[in-house]
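Colleague: There's a structure below that I have some questions on.
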Amino acid sequence: MKFTDAITRMPRAFDPDRGAERAVLFDGQLADVVAGAAGCSPYLSGLISKHNEWLQGAFADPEAALRAELAAVAGYASNIPLSELSPSLRRSKGRIALLTALADLAGVWPLESVTTALTHLADAALQTALDAEFAARFKRGHLPWLTEDDLATNGGLVVLAMGKMGAFELNYSSDIDLICLFDDSRYARDDVADVRHAFVQIIRAVTKTISAQTRDGYVFRTDLRLRPDAAVTPVCMSMSAAELYYEAEGRTWERAAHIKARVCAGDHKAGEAYLERLRPFVWRKHLDFAAIQDAHDMRLKIWAHKGLAGAISLPEHNVKLGRGGIREIEFFTQTQQLIAGGRDPDLRVRGTCAGLDAISAKGWISNELAGDLKVKYRGLRDVEHRLQMIADAQTHVLPRDEEGFCRLAAMMGEDVAPLKQRLQDLFESVHSRTEAFFAPEAPAEDGAIASLNMTENRSDTATVPNDFGQEIIARWPSYPAMRSARATEIFNRLRPSIVAKLAQAARPEEALAHFDGFLRGLPAGVQVFSLFEANAPLVDLLLEICATSPALAAYLGRNSNVLDAVIAGDFFAPFPSDAQLSDLISDALAACGDYEAVLDTARRIKKEWHFRIGVHHLRGVIDAQIAGAQYASLAKALVGALWPRVTAEFASKHGAPMGRGAVPIAMGSLAAGQLNAGSDLDLILIYDADADAMSDGPRPLQTRTYFARLTQALITALTAQLPEGRLYEVDMRLRPSGRQGPVASGWASYASYQKEEAWTWEHLALTRAQALGDGALAEDWNALRDDILRHTQKDVLSDTSDMRVRLAGAKPASDPWDVKNGAGGVQDIELFAQASALKAGLDEVPRDTSTQLATTVANGWLNDADARAITAAYKTLWAVKAMQAELSLGPFDAAKVGTGAVGVLNGILAAGSEDEALAKVAEARQTARACIERIMPLGGAKDGAGGND
């Protein structure tokens with residue numbers, strides 16, 4: 001593409017005579033561009049004079065000219081003597097700087113093309129200088145540790161581009177920020193000190209080649225001060241030392257700097273591996289709102305140090321660092337990336353505009369704000385480039401006088417007055433649109449705050465009684481969450497609002513006590529308090545929980561990171577389908593680096609989704625039936641996603657599963673799709689392999705031992721207490737022969753046992769059983785279940801009646817709120833439903849209790865009205881039981897949970913008081929008991945009841 005075909009704007013010569021002098025060799029629009037550039041910039045005038053012949057050819061196809069010159073730079077290391085490298089690099093720098101400036105001024109290249117061209121030049125120049133130094137020193141025998149092959153990777157030396165260079169955003173007269181490291185793992189320990197010394201010399205020589213000011217100019221100024229502890233560390237340090245530093249002392253600004261880090265020269269493979277190892281330092285796994293305060297403090301320090309803290313005034317205003325400048329947009333973008341990038345890899349992009357796109361796509365800011373800031377960012381960069389083009393100076397400061405503004409306006413192709421007004425508006429708009437995000441006391445216009453659709457909006461300024469909670473509040477400074485000064489500082493800003501809202505709760509003393517339980521359980525406070533400060537609705541949500549659910553409040557104290565999910569953008573979105581949830585979890589586990597990370601990630605996912613379901617249930621967004629189904633869907637998805645990873649980890653030690661492998665079988669409420677917040681998982685494991693087979697791994701095992709240990713590996717994966725806690729408790733007592741049977745059952749013996757030896761209770765259990773897999777063994781198991789339930793010959797009615805008697809004696813209802821145990825309780829109804837489903841002999845026996853109860857009509861046990869009545873009673877009792885699990889960590893005790901929690905139960909029962917609620921519970925139990933005992937009286941089976949058995 002010809003240069004003239006893409007011109008969209010035109011600079012105007014500030015010095016017409018100088019412009020005309022340089023334009024004489026060019027015609028038409030090219031002459032106008034050259035005249036405008038030379039007439040505004042003495043630096044560009046000199047480049048045009050020096051490279052005018054080359055420039056005439058470059059105008060024919062500027063992109064091809066750029067590619068050719070970059071290729072020439074890349075070839076200097078092998079094509080010219082070391083003594084000629086410096087002037088050759090500077091000649092190429094002059095040509096590319098000239099072409100880039102003219103393409104920028106004339107609008108031929110957009111900002112991204114301009115900055116990318118300059119960055120490619122920096123990359124090529126660094127690699128060429130590095131290769132030349134290595135070759136020369138290797139030839140002289142100064143690198144005895146290296147072979148000829150090592151030169152291709154520069155001996156493990158890595159140059160990281162930081163800041164604008166890392167993001168391909170170099171400005172026109174930018175210095176380049178570099179961190180230089182070497183992979184010390186490839187050298188013997190005794191050689192590392194000598195290697196480091198040699199590499200320090202090489203880096204010093206390279207930076208001199210690149211940055212020294214000679215009669216030919218310079219290539220790029222270099223800055224090596226972003227390395228760890230730059231005041232005391234060498235300019236090239238070992239990777240292991242850098243990693244130790246970041247692990248122990250790394251600060252938020254260093255994390256932000258590494259957002260844009262990339263390997264630009266040296267050993268790319270080693271450099272990429274190093275950056276991957278550094279990923280947990282840069283990208284925290286939980287939302288990191290503490291980064292907002294860190295970035296804000298950094299802004300204030302910069303303004304104070306540079307004297308930029310005053311009002312925006314155009315003369316000598318700093319386009320980069322001043323209020324409303326480029327750095328404001330960069331900080332705004334990078335800070336929001338740091339907040340959520342650990343949870344969302346899509347936010348880990350280097351460029352500023354790409355970062356704005358990413359955070360808007362994920363809902364952290366509006367599309368309108370992202371678009372506006374991108375326009376303003378590009379506008380500021382245009383001004384910055386023109387300020388630097390005048391004299392190739394690394395300046396970001398607007399002119400101090402009218403003459404300077406006239407020159408800038410001419411380069412911009414604008415008139416002075418409109419330009420000044422545009423700049424004033426631009427700075428003020430950028431500052432106003434970013435300041436609210438950083439300043440804790442300012443209401444945010446836009447940013448990382450998710451709407452929680454709060455149902456109540458209490459005033460923060462209401463009067464608090466002087467004696468309200470004094471004894472409890474006095475304890476707060478002693479809690480672990482307050483052990484850092486910063487945590488205390490943030491919490492002290494939050495405390496007046498929190499206490500005021502607690503005092504306005506319907507039951508303030510209870511709410512305060514439950515909030516105290518939350519606060520007491522927090523292991524640290526900075527991250528959580530920063531999260532609250534940046535997302536005020538979260539405090540309302542927490543206090544709403546404290547007013548109703550002491551269990552959930554205490555849970556939050558131990559697992560405060562689940563609050564991340566609340567502001568991730570989709571907390572109140574519809575629950576995903578089973579397939580979507582399985583894919584989501586599987587994808588998250590697939591991204592983990594090792595098995596322990598898989599287990600911890602599964603636990604994090606479970607806690608976040610568990611909390612989401614619990615909050616939805618507690619606030620009435622979903623009812624008990626839906627909550628039960630969602631808890632079960634989550635558990636099945638987690639077990640299903642973990643099982644192949646458990647198998648693979650086990651196989652790495654003992655070999656792949658023999659025969660047809662194994663399949664987990666969900667039993668009980670898990671298979672029925674109806675768990676509550678405190679449910680454990682009923683599981684068994686079935687395998688199919690030759691009994692005498694041996695696995696083929698490093699530590700082979702015989703079949704029975706192999707699958708018994710594989711079962712234990714699955715149980716450990718689910719129940720082990722890891723840094724992220726425990727996933728689920730597991731109960732395997734429903735396996736053949738109960739506690740006495742093997743933990744894993746062989747297919748042939750299991751099938752034979754079920755057909756010939758199983759007790760009635762085991763066939764009842766099969767009515768609520770489901771294979772968690774889709775392979776051949778799972779299909780065979782499902783077919784076996786259907787066949788057994790279709791043709792069972794057991795004395796279902798008599799045996800179930802006997803079980804009712806034993807259960808009623810062993811587990812009577814303990815108090816009026818115990819809806820599980822005793823006659824007419826949840827357990828009693830579920831047993832009755834299973835018996836009816838087993839007796840029905842259907843081709844496909846349903847697993848959930850409500851559908852099983854419908855079979856009582858087909859059996860002739862109940863009429864339609866009674867079947868509807870017992871089903872309604874069951875749903876009422878289940879709703880109470882499910883909500884009790886949300887409100888209390890252990891057995892429900894109305895006296896301990898408080899009146900707020902009891903009020904929630906009253907609400908779901910549509911009762912005006914606890915007495916009325918308990919009356920409704922008793923009525924539901926009595927309805928269920930009456931229906932059941934028409935068929936299965938506690939005194940024994942009724943002769944002929946329900947027909948022949």
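In the structure tokens, each chain is lettered A, B, ... as it comes, each chain's residues begin at 1, and ligands are numbered from 1 in order of appearance.
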Run DSSP on the backbone and tell me which residues of region 47-188 of chain A come out as helix (DSSP H, G or I); list them as number ranges by chain.
Modeller: A: 47-58, 62-79, 82-105, 111-139, 148-151, 154-156, 163-166, 184-186
Colleague: When you look at Thr703 (chain A) with a cut-off of 10 Å (counting only C-alpha atoms), what residues show up, excluding the ones that are within fewer than 3 positions of it in the same chain? I need them as a ChimeraX atom specification.
Modeller: /A:657-659,687-695,700,706-709,746
Colleague: With a distance cut-off of 10 Å and only C-alpha atoms, select the neighbouring residues of Ser240 (chain A), excluding the residue or stretch itself and same-chain residues fewer than 3 positions from it, and output the selection as number ranges by chain.
Modeller: A: 181-185, 237, 243-245, 274
Colleague: Using CA of Gln827 (chain A) and CA of Asp799 (chain A) as the two end points, give the distance in Å to one decimal.
Modeller: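 Atom-to-atom, CA of Gln827 (chain A) and CA of Asp799 (chain A) are spaced 16.0 Å apart.
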Colleague: Among region 537-672 of chain A, which ones does DSSP assign to strand (DSSP E or B) (computed from the backbone)? Answer as a PDB file with N, CA and C atoms, in the first residue's frame.
Modeller:
ATOM      1  N   GLY A 661     -12.491 -51.370  33.958  1.00  0.00           N
ATOM      2  CA  GLY A 661     -12.317 -50.291  34.912  1.00  0.00           C
ATOM      3  C   GLY A 661     -13.382 -50.290  35.982  1.00  0.00           C
ATOM      4  N   ALA A 662     -13.705 -49.082  36.472  1.00  0.00           N
ATOM      5  CA  ALA A 662     -14.644 -48.949  37.582  1.00  0.00           C
ATOM      6  C   ALA A 662     -15.560 -47.766  37.334  1.00  0.00           C
ATOM      7  N   VAL A 663     -16.680 -47.756  38.053  1.00  0.00           N
ATOM      8  CA  VAL A 663     -17.621 -46.648  37.963  1.00  0.00           C
ATOM      9  C   VAL A 663     -18.164 -46.345  39.351  1.00  0.00           C
ATOM     10  N   PRO A 664     -18.204 -45.063  39.751  1.00  0.00           N
ATOM     11  CA  PRO A 664     -18.836 -44.709  41.024  1.00  0.00           C
ATOM     12  C   PRO A 664     -20.356 -44.749  40.868  1.00  0.00           C
ATOM     13  N   ILE A 665     -21.030 -45.190  41.931  1.00  0.00           N
ATOM     14  CA  ILE A 665     -22.488 -45.253  41.949  1.00  0.00           C
ATOM     15  C   ILE A 665     -22.984 -44.311  43.042  1.00  0.00           C
ATOM     16  N   ALA A 666     -23.815 -43.341  42.657  1.00  0.00           N
ATOM     17  CA  ALA A 666     -24.443 -42.448  43.626  1.00  0.00           C
ATOM     18  C   ALA A 666     -25.634 -43.157  44.257  1.00  0.00           C
ATOM     19  N   MET A 667     -25.766 -43.009  45.569  1.00  0.00           N
ATOM     20  CA  MET A 667     -26.866 -43.627  46.296  1.00  0.00           C
ATOM     21  C   MET A 667     -27.613 -42.545  47.082  1.00  0.00           C
TER      22      MET A 667
END
Colleague: Between A:His763, A:Arg493, A:Arg645, A:Arg227, which has the minimum distance to His258 (chain A) (counting only C-alpha atoms)?
Modeller: A:Arg227
Colleague: Under the rule that only C-alpha atoms are counted, which of A:Ser41, A:Val921, A:Ala765, A:Gln926 is the nearest residue to Arg847 (chain A)?
Modeller: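 For Arg847 (chain A), the nearest of the given residues is A:Ala765.
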Colleague: What is the CA of Asp149 (chain A) to CA of Leu178 (chain A) distance in Å?
Modeller: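 That distance, rounded to one decimal, is 25.4 Å.
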Colleague: Check the smallest atom-to-atom distance from each of A:Tyr479, A:His296, A:Gly413, A:Gln213 to Arg9 (chain A) using only C-alpha atoms, then report the winner.
Modeller: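 The shortest atom-to-atom distance to Arg9 (chain A) comes from A:Gly413.
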Colleague: With a distance cut-off of 12 Å and only C-alpha atoms, select the neighbouring residues of Gln721 (chain A), excluding the residue or stretch itself and same-chain residues fewer than 4 positions from it, and output the selection as a list in words.
Modeller: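 The residues satisfying every condition are Glu596, Leu599, Asp600, Arg603, Ile715, Thr716, Ala717, Gly725, Arg726, Leu727, Tyr728 and Glu729 of chain A.
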Colleague: Find the spatial neighbours of region 621-635 of chain A, counting only C-alpha atoms, within a cut-off of 9 Å - ignore same-chain residues fewer than 5 positions away - and output them as a PyMOL selection string.
Modeller: chain A and resi 572+575+577-578+581-582+606+609-610+613-616+640+669-677+679+681+728+875+878-883
Colleague: Give me, as a tab-separated table (two decimals) with N, CA and C atoms, in the first residue's frame, all polymer residues having an atom no more than 12 Å from Lys839 (chain A), counting only C-alpha atoms and skipping those fewer than 2 positions away in the same chain.
Modeller:
chain	number	residue	atom	x	y	z
A	760	THR	N	-33.90	-56.76	51.66
A	760	THR	CA	-34.90	-55.83	51.13
A	760	THR	C	-34.41	-54.39	51.20
A	763	HIS	N	-32.42	-53.45	48.19
A	763	HIS	CA	-33.21	-53.18	46.99
A	763	HIS	C	-33.97	-51.87	47.13
A	764	LEU	N	-34.40	-51.56	48.34
A	764	LEU	CA	-34.98	-50.23	48.56
A	764	LEU	C	-33.95	-49.14	48.23
A	767	THR	N	-33.58	-48.20	44.61
A	767	THR	CA	-34.54	-47.29	43.98
A	767	THR	C	-33.98	-45.87	43.90
A	788	ILE	N	-33.50	-55.76	38.37
A	788	ILE	CA	-33.76	-56.18	39.75
A	788	ILE	C	-35.01	-55.51	40.30
A	789	LEU	N	-35.14	-54.21	40.08
A	789	LEU	CA	-36.29	-53.49	40.62
A	789	LEU	C	-37.59	-53.89	39.92
A	790	ARG	N	-37.46	-54.37	38.71
A	790	ARG	CA	-38.64	-54.78	37.95
A	790	ARG	C	-39.16	-56.15	38.42
A	791	HIS	N	-38.25	-57.00	38.89
A	791	HIS	CA	-38.62	-58.40	39.17
A	791	HIS	C	-38.37	-58.83	40.60
A	792	THR	N	-38.22	-57.90	41.50
A	792	THR	CA	-37.93	-58.30	42.88
A	792	THR	C	-39.05	-59.19	43.42
A	793	GLN	N	-38.68	-60.22	44.16
A	793	GLN	CA	-39.64	-61.17	44.75
A	793	GLN	C	-39.72	-61.01	46.26
A	794	LYS	N	-39.15	-59.96	46.78
A	794	LYS	CA	-39.05	-59.83	48.23
A	794	LYS	C	-40.40	-59.42	48.84
A	795	ASP	N	-40.51	-59.69	50.16
A	795	ASP	CA	-41.71	-59.33	50.90
A	795	ASP	C	-41.62	-57.86	51.28
A	796	VAL	N	-41.83	-57.00	50.29
A	796	VAL	CA	-41.55	-55.57	50.44
A	796	VAL	C	-42.33	-54.95	51.58
A	797	LEU	N	-43.62	-55.19	51.61
A	797	LEU	CA	-44.47	-54.52	52.60
A	797	LEU	C	-44.12	-54.94	54.02
A	798	SER	N	-43.99	-56.24	54.24
A	798	SER	CA	-43.69	-56.74	55.59
A	798	SER	C	-42.32	-56.29	56.06
A	799	ASP	N	-41.31	-56.42	55.16
A	799	ASP	CA	-39.94	-56.03	55.55
A	799	ASP	C	-39.85	-54.53	55.82
A	800	THR	N	-40.51	-53.72	55.00
A	800	THR	CA	-40.46	-52.27	55.21
A	800	THR	C	-41.18	-51.88	56.49
A	832	PHE	N	-41.24	-45.09	52.85
A	832	PHE	CA	-42.53	-45.49	52.29
A	832	PHE	C	-42.54	-45.32	50.77
A	833	ALA	N	-41.98	-44.22	50.29
A	833	ALA	CA	-41.94	-43.97	48.85
A	833	ALA	C	-41.06	-44.99	48.14
A	834	GLN	N	-39.92	-45.33	48.74
A	834	GLN	CA	-39.04	-46.33	48.13
A	834	GLN	C	-39.74	-47.70	48.06
A	835	ALA	N	-40.43	-48.02	49.11
A	835	ALA	CA	-41.14	-49.31	49.13
A	835	ALA	C	-42.19	-49.36	48.04
A	836	SER	N	-42.91	-48.27	47.88
A	836	SER	CA	-43.93	-48.23	46.83
A	836	SER	C	-43.31	-48.34	45.45
A	837	ALA	N	-42.18	-47.63	45.22
A	837	ALA	CA	-41.50	-47.69	43.93
A	837	ALA	C	-40.99	-49.10	43.65
A	841	GLY	N	-42.79	-52.33	40.41
A	841	GLY	CA	-42.23	-53.14	39.35
A	841	GLY	C	-42.24	-52.46	37.99
A	842	LEU	N	-41.95	-51.18	37.95
A	842	LEU	CA	-41.97	-50.41	36.71
A	842	LEU	C	-40.75	-50.74	35.85
A	843	ASP	N	-40.88	-50.47	34.55
A	843	ASP	CA	-39.73	-50.66	33.66
A	843	ASP	C	-38.60	-49.69	34.02
A	845	VAL	N	-37.78	-47.34	37.24
A	845	VAL	CA	-38.17	-46.93	38.59
A	845	VAL	C	-37.65	-45.53	38.87
A	852	GLN	N	-41.76	-41.10	43.28
A	852	GLN	CA	-41.99	-42.41	43.89
A	852	GLN	C	-43.32	-42.45	44.63
A	853	LEU	N	-43.68	-41.34	45.29
A	853	LEU	CA	-44.95	-41.32	46.01
A	853	LEU	C	-46.14	-41.46	45.07
A	855	THR	N	-46.39	-43.51	42.76
A	855	THR	CA	-46.63	-44.93	42.47
A	855	THR	C	-47.58	-45.57	43.49
A	856	THR	N	-47.83	-44.88	44.61
A	856	THR	CA	-48.72	-45.44	45.62
A	856	THR	C	-50.14	-45.60	45.07
A	857	VAL	N	-50.49	-44.78	44.11
A	857	VAL	CA	-51.83	-44.90	43.52
A	857	VAL	C	-51.89	-46.13	42.63
A	858	ALA	N	-50.83	-46.33	41.81
A	858	ALA	CA	-50.80	-47.50	40.92
A	858	ALA	C	-50.79	-48.79	41.74
A	859	ASN	N	-50.15	-48.77	42.91
A	859	ASN	CA	-50.11	-49.96	43.76
A	859	ASN	C	-51.44	-50.22	44.46
A	860	GLY	N	-52.30	-49.22	44.46
A	860	GLY	CA	-53.54	-49.35	45.23
A	860	GLY	C	-53.35	-49.05	46.69
A	861	TRP	N	-52.18	-48.53	47.07
A	861	TRP	CA	-51.94	-48.22	48.48
A	861	TRP	C	-52.71	-46.98	48.92
A	946	GLY	N	-53.40	-53.03	51.07
A	946	GLY	CA	-52.74	-52.73	49.82
A	946	GLY	C	-52.70	-53.89	48.87
A	947	GLY	N	-53.41	-54.93	49.13
A	947	GLY	CA	-53.39	-56.06	48.20
A	947	GLY	C	-52.35	-57.07	48.60
A	948	ASN	N	-52.28	-58.16	47.87
A	948	ASN	CA	-51.30	-59.22	48.16
A	948	ASN	C	-49.90	-58.71	47.90
A	949	ASP	N	-48.95	-59.12	48.74
A	949	ASP	CA	-47.56	-58.65	48.60
A	949	ASP	C	-46.73	-59.77	48.05
Colleague: Which residue, A:Arg422, A:Lys374, A:Arg433, A:Arg196, has the smallest gap to Gly324 (chain A) when you use only C-alpha atoms?
Modeller: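 Closest to Gly324 (chain A), using only C-alpha atoms: A:Arg433.
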Colleague: Quick one: everything within 9 Å of region 929-936 of chain A, counting only C-alpha atoms, minus sequence neighbours fewer than 4 positions away in the same chain. Send it as an NGL selection string.
Modeller: :A and (797-798 or 800-802 or 804 or 823-825 or 828-829 or 832 or 861-862 or 866-867 or 869-870 or 924-925 or 940-942 or 945-946)
Colleague: To one decimal place, how far is CA of Trp364 (chain A) from CA of Gln334 (chain A) in Å?
Modeller: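 Between CA of Trp364 (chain A) and CA of Gln334 (chain A) the gap is 12.3 Å.
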